[in-house]
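Quick look at input_35.pdb (PDB, C-alpha atoms and all ligand atoms):
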ATOM      1  CA  MET D   1      33.696 139.077 100.824
ATOM      2  CA  ASN D   2      36.387 139.647 103.397
ATOM      3  CA  LEU D   3      38.472 142.828 103.548
ATOM      4  CA  ARG D   4      41.450 141.400 101.699
ATOM      5  CA  GLU D   5      39.237 140.121  98.879
ATOM      6  CA  ALA D   6      37.240 143.357  98.688
ATOM      7  CA  THR D   7      40.433 145.387  98.247
ATOM      8  CA  ALA D   8      42.410 142.914  96.115
ATOM      9  CA  GLU D   9      41.663 144.707  92.853
ATOM     10  CA  LYS D  10      43.150 147.983  94.104
ATOM     11  CA  HIS D  11      46.110 146.112  95.601
ATOM     12  CA  LYS D  12      46.828 144.671  92.202
ATOM     13  CA  ILE D  13      46.677 148.102  90.572
ATOM     14  CA  ALA D  14      49.002 149.536  93.246
ATOM     15  CA  GLU D  15      51.463 146.676  92.846
ATOM     16  CA  LYS D  16      51.528 147.117  89.074
ATOM     17  CA  MET D  17      52.145 150.871  89.065
ATOM     18  CA  PRO D  18      55.243 151.623  86.967
ATOM     19  CA  PHE D  19      57.066 153.112  89.966
ATOM     20  CA  ASN D  20      56.546 149.901  91.978
ATOM     21  CA  GLN D  21      57.426 147.731  88.994
ATOM     22  CA  ARG D  22      60.699 149.603  88.601
ATOM     23  CA  MET D  23      61.293 149.273  92.333
ATOM     24  CA  MET D  24      60.847 145.483  92.178
ATOM     25  CA  GLN D  25      63.279 145.344  89.247
ATOM     26  CA  LYS D  26      65.883 147.307  91.269
ATOM     27  CA  GLN D  27      65.646 150.141  88.778
ATOM     28  CA  LEU D  28      64.993 153.016  91.160
ATOM     29  CA  SER D  29      67.733 155.578  91.613
ATOM     30  CA  LYS D  30      68.641 156.582  95.163
ATOM     31  CA  LEU D  31      66.910 159.903  94.514
ATOM     32  CA  ASP D  32      63.733 158.088  93.389
ATOM     33  CA  TYR D  33      63.803 156.049  96.575
ATOM     34  CA  LEU D  34      64.487 159.091  98.764
ATOM     35  CA  ASN D  35      61.440 160.787  97.239
ATOM     36  CA  TYR D  36      59.397 157.633  97.868
ATOM     37  CA  ILE D  37      60.261 157.447 101.569
ATOM     38  CA  ASN D  38      59.744 161.183 101.985
ATOM     39  CA  GLN D  39      56.097 160.607 101.035
ATOM     40  CA  HIS D  40      55.878 157.765 103.554
ATOM     41  CA  PHE D  41      57.337 160.037 106.208
ATOM     42  CA  GLU D  42      54.527 162.545 105.642
ATOM     43  CA  ILE D  43      51.815 159.891 105.734
ATOM     44  CA  PHE D  44      53.142 158.183 108.856
ATOM     45  CA  THR D  45      53.671 161.514 110.615
ATOM     46  CA  ALA D  46      50.004 162.360 110.015
ATOM     47  CA  ILE D  47      48.851 158.962 111.296
ATOM     48  CA  GLU D  48      51.234 158.909 114.259
ATOM     49  CA  ALA D  49      49.852 162.177 115.625
ATOM     50  CA  ASN D  50      47.434 159.565 117.064
ATOM     51  CA  ASP D  51      48.184 156.545 119.238
ATOM     52  CA  LEU D  52      48.744 153.322 117.339
ATOM     53  CA  PRO D  53      47.362 149.907 118.368
ATOM     54  CA  HIS D  54      50.932 148.758 119.170
ATOM     55  CA  PRO D  55      54.034 150.874 119.924
ATOM     56  CA  SER D  56      56.331 148.924 117.614
ATOM     57  CA  LEU D  57      54.185 149.933 114.630
ATOM     58  CA  ASN D  58      55.622 153.469 114.845
ATOM     59  CA  ARG D  59      57.526 154.246 111.650
ATOM     60  CA  THR D  60      58.561 157.908 111.683
ATOM     61  CA  GLN D  61      61.822 157.489 113.616
ATOM     62  CA  LEU D  62      62.895 154.535 111.494
ATOM     63  CA  ILE D  63      62.045 156.315 108.228
ATOM     64  CA  THR D  64      64.056 159.308 109.457
ATOM     65  CA  LEU D  65      67.130 157.053 109.677
ATOM     66  CA  ASP D  66      66.622 155.959 106.057
ATOM     67  CA  ILE D  67      66.046 159.553 104.895
ATOM     68  CA  GLU D  68      69.171 160.799 106.688
ATOM     69  CA  GLU D  69      71.262 158.027 105.176
ATOM     70  CA  LEU D  70      70.322 159.030 101.617
ATOM     71  CA  GLN D  71      70.342 162.767 102.236
ATOM     72  CA  LEU D  72      73.888 162.645 103.541
ATOM     73  CA  GLU D  73      74.917 161.132 100.254
ATOM     74  CA  LEU D  74      72.656 162.975  97.810
ATOM     75  CA  LYS D  75      72.245 166.356  99.504
ATOM     76  CA  ALA D  76      68.774 166.524  97.963
ATOM     77  CA  PRO D  77      65.847 168.508  99.388
ATOM     78  CA  ASN D  78      62.756 166.880 100.888
ATOM     79  CA  VAL D  79      60.102 166.815  98.207
ATOM     80  CA  VAL D  80      56.470 166.531  99.310
ATOM     81  CA  LEU D  81      54.233 165.785  96.347
ATOM     82  CA  ASN D  82      50.811 167.364  95.866
ATOM     83  CA  SER D  83      49.150 163.954  95.930
ATOM     84  CA  THR D  84      50.776 163.343  99.321
ATOM     85  CA  LYS D  85      49.559 166.692 100.655
ATOM     86  CA  LEU D  86      46.031 165.710  99.597
ATOM     87  CA  TYR D  87      46.237 162.374 101.426
ATOM     88  CA  VAL D  88      47.733 163.977 104.549
ATOM     89  CA  ALA D  89      44.989 166.620 104.640
ATOM     90  CA  TYR D  90      42.421 163.842 104.279
ATOM     91  CA  LEU D  91      43.986 161.776 107.092
ATOM     92  CA  GLN D  92      44.118 164.783 109.417
ATOM     93  CA  ASN D  93      40.365 165.253 109.138
ATOM     94  CA  LEU D  94      39.361 161.688 109.996
ATOM     95  CA  SER D  95      37.982 160.532 113.322
ATOM     96  CA  TYR D  96      40.089 157.847 114.999
ATOM     97  CA  GLN D  97      37.531 155.218 113.962
ATOM     98  CA  ASP D  98      37.872 156.218 110.314
ATOM     99  CA  LEU D  99      41.648 156.452 110.598
ATOM    100  CA  LEU D 100      41.855 152.759 111.564
ATOM    101  CA  PRO D 101      41.309 151.461 107.986
ATOM    102  CA  HIS D 102      44.250 153.640 106.911
ATOM    103  CA  ILE D 103      46.338 152.171 109.713
ATOM    104  CA  TYR D 104      45.469 148.696 108.434
ATOM    105  CA  LEU D 105      46.378 149.764 104.893
ATOM    106  CA  ASN D 106      49.645 151.581 105.450
ATOM    107  CA  TYR D 107      51.142 149.454 108.228
ATOM    108  CA  LEU D 108      50.322 146.061 106.757
ATOM    109  CA  ALA D 109      51.669 147.356 103.436
ATOM    110  CA  VAL D 110      55.052 148.004 105.040
ATOM    111  CA  MET D 111      54.883 144.800 107.056
ATOM    112  CA  PHE D 112      53.981 142.407 104.224
ATOM    113  CA  GLY D 113      54.942 143.946 100.885
ATOM    114  CA  GLY D 114      57.764 145.627 102.774
ATOM    115  CA  GLN D 115      59.590 142.386 103.525
ATOM    116  CA  ILE D 116      59.956 141.823  99.768
ATOM    117  CA  ILE D 117      60.630 145.480  98.969
ATOM    118  CA  LYS D 118      63.382 145.699 101.611
ATOM    119  CA  LYS D 119      65.510 143.334  99.538
ATOM    120  CA  VAL D 120      65.414 145.403  96.346
ATOM    121  CA  VAL D 121      65.762 149.033  97.441
ATOM    122  CA  PRO D 122      68.923 151.191  97.628
ATOM    123  CA  SER D 123      68.628 151.665 101.396
ATOM    124  CA  THR D 124      69.343 149.932 104.700
ATOM    125  CA  GLY D 125      65.552 149.722 104.946
ATOM    126  CA  ASN D 126      65.090 150.510 108.632
ATOM    127  CA  MET D 127      61.523 151.399 107.691
ATOM    128  CA  TYR D 128      60.645 147.711 107.206
ATOM    129  CA  GLU D 129      61.946 146.535 110.584
ATOM    130  CA  PHE D 130      59.400 145.655 113.257
ATOM    131  CA  GLU D 131      60.064 144.429 116.768
ATOM    132  CA  ASN D 132      57.565 141.702 117.685
ATOM    133  CA  MET D 133      56.121 141.779 114.185
ATOM    134  CA  ASN D 134      53.508 139.076 114.760
ATOM    135  CA  GLU D 135      52.268 140.688 117.945
ATOM    136  CA  ALA D 136      52.099 144.130 116.261
ATOM    137  CA  ALA D 137      50.253 142.688 113.243
ATOM    138  CA  SER D 138      47.736 140.919 115.439
ATOM    139  CA  THR D 139      46.744 144.199 117.141
ATOM    140  CA  ILE D 140      45.584 145.369 113.688
ATOM    141  CA  ARG D 141      44.061 142.007 112.761
ATOM    142  CA  VAL D 142      41.796 141.974 115.824
ATOM    143  CA  LEU D 143      40.427 145.424 114.922
ATOM    144  CA  GLN D 144      39.924 144.984 111.173
ATOM    145  CA  LYS D 145      36.392 144.785 109.827
ATOM    146  CA  ASP D 146      35.036 143.824 106.432
ATOM    147  CA  GLU D 147      33.034 147.078 106.528
ATOM    148  CA  TRP D 148      36.303 148.978 106.108
ATOM    149  CA  ALA D 149      36.499 148.026 102.429
ATOM    150  CA  ASP D 150      35.350 151.396 101.011
ATOM    151  CA  GLU D 151      37.686 153.368 103.237
ATOM    152  CA  VAL D 152      40.635 151.052 102.532
ATOM    153  CA  ASN D 153      39.936 151.307  98.792
ATOM    154  CA  LYS D 154      39.909 155.101  99.151
ATOM    155  CA  GLY D 155      43.306 154.868 100.848
ATOM    156  CA  PHE D 156      44.551 152.719  97.956
ATOM    157  CA  ASP D 157      43.414 155.440  95.517
ATOM    158  CA  PHE D 158      45.440 158.047  97.416
ATOM    159  CA  ASN D 159      48.470 155.731  97.385
ATOM    160  CA  ILE D 160      48.043 155.030  93.670
ATOM    161  CA  ALA D 161      47.932 158.789  92.948
ATOM    162  CA  ILE D 162      51.179 159.209  94.904
ATOM    163  CA  LEU D 163      52.836 156.386  92.936
ATOM    164  CA  GLU D 164      51.709 158.071  89.717
ATOM    165  CA  GLU D 165      53.197 161.409  90.762
ATOM    166  CA  LEU D 166      56.408 159.720  91.926
ATOM    167  CA  GLU D 167      56.824 158.247  88.458
ATOM    168  CA  LEU D 168      56.207 161.605  86.739
ATOM    169  CA  ASN D 169      58.597 163.266  89.153
ATOM    170  CA  SER D 170      61.229 160.630  88.444
ATOM    171  CA  LEU D 171      60.942 161.098  84.671
ATOM    172  CA  SER D 172      61.536 164.829  85.037
ATOM    173  CA  ASN D 173      64.700 164.387  87.137
TER     174      ASN D 173
HETATM  175  C1  LIG V   1      55.646 146.593  95.123
HETATM  176  C2  LIG V   1      54.436 146.681  95.598
HETATM  177  C3  LIG V   1      53.787 145.671  96.501
HETATM  178  C4  LIG V   1      54.070 144.356  96.703
HETATM  179  C5  LIG V   1      55.149 143.522  96.049
HETATM  180  C6  LIG V   1      53.136 143.875  97.704
HETATM  181  C7  LIG V   1      53.111 142.588  98.200
HETATM  182  C8  LIG V   1      52.268 142.130  99.194
HETATM  183  C9  LIG V   1      52.283 140.789  99.743
HETATM  184  C10 LIG V   1      53.220 139.668  99.289
HETATM  185  C11 LIG V   1      51.333 140.719 100.682
HETATM  186  C12 LIG V   1      51.001 139.539 101.593
HETATM  187  C13 LIG V   1      50.462 138.364 100.893
HETATM  188  C14 LIG V   1      49.037 138.502 100.527
HETATM  189  O1  LIG V   1      48.192 138.726 101.411
HETATM  190  O2  LIG V   1      48.713 138.360  99.334
HETATM  191  C15 LIG V   1      50.700 142.017 100.744
HETATM  192  C16 LIG V   1      49.670 142.339 101.580
HETATM  193  C17 LIG V   1      49.167 143.621 101.744
HETATM  194  N1  LIG V   1      49.525 144.737 101.020
HETATM  195 FE1  LIG V   1      50.853 144.800  99.511
HETATM  196  N2  LIG V   1      52.310 144.891  98.081
HETATM  197  C18 LIG V   1      52.672 146.001  97.371
HETATM  198  C19 LIG V   1      52.092 147.244  97.433
HETATM  199  C20 LIG V   1      51.148 147.623  98.356
HETATM  200  C21 LIG V   1      50.645 148.980  98.522
HETATM  201  C22 LIG V   1      51.093 150.205  97.703
HETATM  202  C23 LIG V   1      49.752 148.938  99.537
HETATM  203  C24 LIG V   1      48.974 150.064 100.137
HETATM  204  C25 LIG V   1      49.508 151.220 100.496
HETATM  205  C26 LIG V   1      49.659 147.556 100.003
HETATM  206  C27 LIG V   1      48.852 147.100 101.017
HETATM  207  C28 LIG V   1      48.798 145.798 101.470
HETATM  208  C29 LIG V   1      47.908 145.349 102.545
HETATM  209  C30 LIG V   1      46.928 146.208 103.326
HETATM  210  C31 LIG V   1      48.141 143.983 102.712
HETATM  211  C32 LIG V   1      47.455 143.049 103.710
HETATM  212  C33 LIG V   1      46.195 142.407 103.125
HETATM  213  C34 LIG V   1      45.567 141.488 104.147
HETATM  214  O3  LIG V   1      46.067 140.382 104.349
HETATM  215  O4  LIG V   1      44.588 141.884 104.793
HETATM  216  N3  LIG V   1      50.523 146.792  99.259
HETATM  217  N4  LIG V   1      51.300 142.856  99.827
END
Represent the supplied structure as structure tokens.
Ligand code: HEM
Amino acid sequence: MNLREATAEKHKIAEKMPFNQRMMQKQLSKLDYLNYINQHFEIFTAIEANDLPHPSLNRTQLITLDIEELQLELKAPNVVLNSTKLYVAYLQNLSYQDLLPHIYLNYLAVMFGGQIIKKVVPSTGNMYEFENMNEAASTIRVLQKDEWADEVNKGFDFNIAILEELELNSLSN
């Protein structure tokens, strides 16, 4: 089974999480979306303490633009969820070789799913913009290995936990 097939079940679960379903139906408030990208900021900051396979993969500066746009309007604090702190702590303890499956997971998520998501979110969506997207994607594609399946599935579990906490957080707002 190739990597995409071996992780398809978790992808389906992630895609069907209530928070993502509401996102696809344009039902997220601006505050919901701000909280969502704040979690991405934390994850990408942890990953980008390391060099990436291609410079145009870097997300933190672009996410900052999206965060600033919403914060100017909402004047809301940056919320970092517990589930995000757990994933960040996990990422910070990985060797570069073990970080690579999480680079595959989080960057291709923004690159592929992101092109659909960009159209439905209450944001300019700078986070989903890539210069030389095909070239940047191919630097991940040449590295990816089918043996990454367990680690990628672990990364999906962390992401699913974050989506769960985002939904709970949204209900209590
Ligand atoms: C609203 C939620 C999501 C939608 C609509 C979505 C949609 C997509 C689409 C259309 C593709 C490309 C087509 C395909 O290969 O089937 C894709 C690929 C991918 N998505 Fe998602 N996705 C979502 C959530 C996520 C999440 C939460 C993650 C992980 C953090 C993720 C990780 C990936 C990865 C790693 C790929 C590339 C798979 C490969 O070709 O090797 N996606 N997604």
**OP:** Identify all residues satisfying the PyMOL selection byres (((chain D and resi 34-38) around 9) and not hetatm) in the given file; provide them as number ranges by chain.
**Re:** D: 29-33, 39-43, 63-64, 66-67, 70-71, 76, 78-81, 123, 127, 162-163, 166, 169-170
Original post:
Of the candidates D:Ile140, D:Leu86, D:Ile160, D:Leu99, which shows the shortest atom-to-atom distance to Asn50 (chain D), using all atoms listed in the file?
Top reply: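 Closest residue, counting all atoms listed in the file: D:Leu99.
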Residues of chain D that approach ligand LIG 1 (chain V) to 10 Å or less, counting only C-alpha atoms and all ligand atoms: could you list each one with the shortest pair of atoms and its distance in Å to one decimal, rows by chain and increasing residue number, as JSON lines?
{"residue": "D:Asn2", "atom": "CA", "partner": "V:LIG1", "partner_atom": "O4", "distance": 8.6}
{"residue": "D:Leu3", "atom": "CA", "partner": "V:LIG1", "partner_atom": "O4", "distance": 6.3}
{"residue": "D:Arg4", "atom": "CA", "partner": "V:LIG1", "partner_atom": "O4", "distance": 4.4}
{"residue": "D:Glu5", "atom": "CA", "partner": "V:LIG1", "partner_atom": "O4", "distance": 8.2}
{"residue": "D:Ala6", "atom": "CA", "partner": "V:LIG1", "partner_atom": "O4", "distance": 9.7}
{"residue": "D:Thr7", "atom": "CA", "partner": "V:LIG1", "partner_atom": "C33", "distance": 8.1}
{"residue": "D:Ala8", "atom": "CA", "partner": "V:LIG1", "partner_atom": "C33", "distance": 8.0}
{"residue": "D:Lys10", "atom": "CA", "partner": "V:LIG1", "partner_atom": "C23", "distance": 8.6}
{"residue": "D:His11", "atom": "CA", "partner": "V:LIG1", "partner_atom": "N3", "distance": 5.8}
{"residue": "D:Lys12", "atom": "CA", "partner": "V:LIG1", "partner_atom": "C19", "distance": 7.9}
{"residue": "D:Ile13", "atom": "CA", "partner": "V:LIG1", "partner_atom": "C22", "distance": 8.6}
{"residue": "D:Ala14", "atom": "CA", "partner": "V:LIG1", "partner_atom": "C22", "distance": 5.0}
{"residue": "D:Glu15", "atom": "CA", "partner": "V:LIG1", "partner_atom": "C2", "distance": 4.1}
{"residue": "D:Lys16", "atom": "CA", "partner": "V:LIG1", "partner_atom": "C2", "distance": 7.2}
{"residue": "D:Met17", "atom": "CA", "partner": "V:LIG1", "partner_atom": "C2", "distance": 8.1}
{"residue": "D:Pro18", "atom": "CA", "partner": "V:LIG1", "partner_atom": "C1", "distance": 9.6}
{"residue": "D:Phe19", "atom": "CA", "partner": "V:LIG1", "partner_atom": "C1", "distance": 8.4}
{"residue": "D:Asn20", "atom": "CA", "partner": "V:LIG1", "partner_atom": "C1", "distance": 4.7}
{"residue": "D:Gln21", "atom": "CA", "partner": "V:LIG1", "partner_atom": "C1", "distance": 6.5}
{"residue": "D:Arg22", "atom": "CA", "partner": "V:LIG1", "partner_atom": "C1", "distance": 8.8}
{"residue": "D:Met23", "atom": "CA", "partner": "V:LIG1", "partner_atom": "C1", "distance": 6.8}
{"residue": "D:Met24", "atom": "CA", "partner": "V:LIG1", "partner_atom": "C1", "distance": 6.1}
{"residue": "D:Gln25", "atom": "CA", "partner": "V:LIG1", "partner_atom": "C1", "distance": 9.7}
{"residue": "D:His40", "atom": "CA", "partner": "V:LIG1", "partner_atom": "C25", "distance": 9.6}
{"residue": "D:Pro101", "atom": "CA", "partner": "V:LIG1", "partner_atom": "C30", "distance": 9.0}
{"residue": "D:His102", "atom": "CA", "partner": "V:LIG1", "partner_atom": "C25", "distance": 8.6}
{"residue": "D:Ile103", "atom": "CA", "partner": "V:LIG1", "partner_atom": "C30", "distance": 8.8}
{"residue": "D:Tyr104", "atom": "CA", "partner": "V:LIG1", "partner_atom": "C30", "distance": 5.9}
{"residue": "D:Leu105", "atom": "CA", "partner": "V:LIG1", "partner_atom": "C30", "distance": 3.9}
{"residue": "D:Asn106", "atom": "CA", "partner": "V:LIG1", "partner_atom": "C25", "distance": 5.0}
{"residue": "D:Tyr107", "atom": "CA", "partner": "V:LIG1", "partner_atom": "C30", "distance": 7.2}
{"residue": "D:Leu108", "atom": "CA", "partner": "V:LIG1", "partner_atom": "C30", "distance": 4.8}
{"residue": "D:Ala109", "atom": "CA", "partner": "V:LIG1", "partner_atom": "C27", "distance": 3.7}
{"residue": "D:Val110", "atom": "CA", "partner": "V:LIG1", "partner_atom": "C26", "distance": 7.4}
{"residue": "D:Met111", "atom": "CA", "partner": "V:LIG1", "partner_atom": "C17", "distance": 7.9}
{"residue": "D:Phe112", "atom": "CA", "partner": "V:LIG1", "partner_atom": "C11", "distance": 4.7}
{"residue": "D:Gly113", "atom": "CA", "partner": "V:LIG1", "partner_atom": "C7", "distance": 3.5}
{"residue": "D:Gly114", "atom": "CA", "partner": "V:LIG1", "partner_atom": "C6", "distance": 7.1}
{"residue": "D:Gln115", "atom": "CA", "partner": "V:LIG1", "partner_atom": "C10", "distance": 8.1}
{"residue": "D:Ile116", "atom": "CA", "partner": "V:LIG1", "partner_atom": "C5", "distance": 6.3}
{"residue": "D:Ile117", "atom": "CA", "partner": "V:LIG1", "partner_atom": "C1", "distance": 6.4}
{"residue": "D:Val120", "atom": "CA", "partner": "V:LIG1", "partner_atom": "C1", "distance": 9.9}
{"residue": "D:Ala137", "atom": "CA", "partner": "V:LIG1", "partner_atom": "C32", "distance": 9.9}
{"residue": "D:Ile140", "atom": "CA", "partner": "V:LIG1", "partner_atom": "O4", "distance": 9.6}
{"residue": "D:Arg141", "atom": "CA", "partner": "V:LIG1", "partner_atom": "O4", "distance": 8.0}
{"residue": "D:Gln144", "atom": "CA", "partner": "V:LIG1", "partner_atom": "O4", "distance": 8.5}
{"residue": "D:Asp146", "atom": "CA", "partner": "V:LIG1", "partner_atom": "O4", "distance": 9.9}
{"residue": "D:Val152", "atom": "CA", "partner": "V:LIG1", "partner_atom": "C30", "distance": 8.0}
{"residue": "D:Asn153", "atom": "CA", "partner": "V:LIG1", "partner_atom": "C24", "distance": 9.2}
{"residue": "D:Gly155", "atom": "CA", "partner": "V:LIG1", "partner_atom": "C25", "distance": 7.2}
{"residue": "D:Phe156", "atom": "CA", "partner": "V:LIG1", "partner_atom": "C24", "distance": 5.6}
{"residue": "D:Asp157", "atom": "CA", "partner": "V:LIG1", "partner_atom": "C25", "distance": 8.9}
{"residue": "D:Phe158", "atom": "CA", "partner": "V:LIG1", "partner_atom": "C25", "distance": 8.5}
{"residue": "D:Asn159", "atom": "CA", "partner": "V:LIG1", "partner_atom": "C25", "distance": 5.6}
{"residue": "D:Ile160", "atom": "CA", "partner": "V:LIG1", "partner_atom": "C22", "distance": 7.0}
{"residue": "D:Ile162", "atom": "CA", "partner": "V:LIG1", "partner_atom": "C22", "distance": 9.4}
{"residue": "D:Leu163", "atom": "CA", "partner": "V:LIG1", "partner_atom": "C22", "distance": 8.0}
Subject >> Contacts of Ala136 (chain D) within 8 Å, all atoms listed in the file, excl. fewer than 6 positions in-chain, as number ranges by chain >> reply: D: 53-57
Just write the chosen residues, C-alpha atoms, as a PDB file, keeping the file's coordinate frame.
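Dumped to selection.pdb:
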ATOM      1  CA  PRO D  53      47.362 149.907 118.368  1.00  0.00           C
ATOM      2  CA  HIS D  54      50.932 148.758 119.170  1.00  0.00           C
ATOM      3  CA  PRO D  55      54.034 150.874 119.924  1.00  0.00           C
ATOM      4  CA  SER D  56      56.331 148.924 117.614  1.00  0.00           C
ATOM      5  CA  LEU D  57      54.185 149.933 114.630  1.00  0.00           C
TER       6      LEU D  57
END
Original post:
Please, what distance in Å, to one decimal, runs between CA of Gln92 (chain D) and CA of Asn134 (chain D)?
Top reply: 27.9 Å
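Shortest separation to Tyr87 (chain D) among D:Thr45, D:Thr60, D:Pro122, D:Ser172 occurs at residue D:Thr45, atoms counted being only C-alpha atoms.
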Original post:
So how many Å separate CA of Asn93 (chain D) and CA of Ile47 (chain D), to one decimal?
Top reply: 10.8 Å
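For the atom pair formed by CA of Thr139 (chain D) and CA of Asp98 (chain D), the distance is 16.4 Å, given to one decimal.
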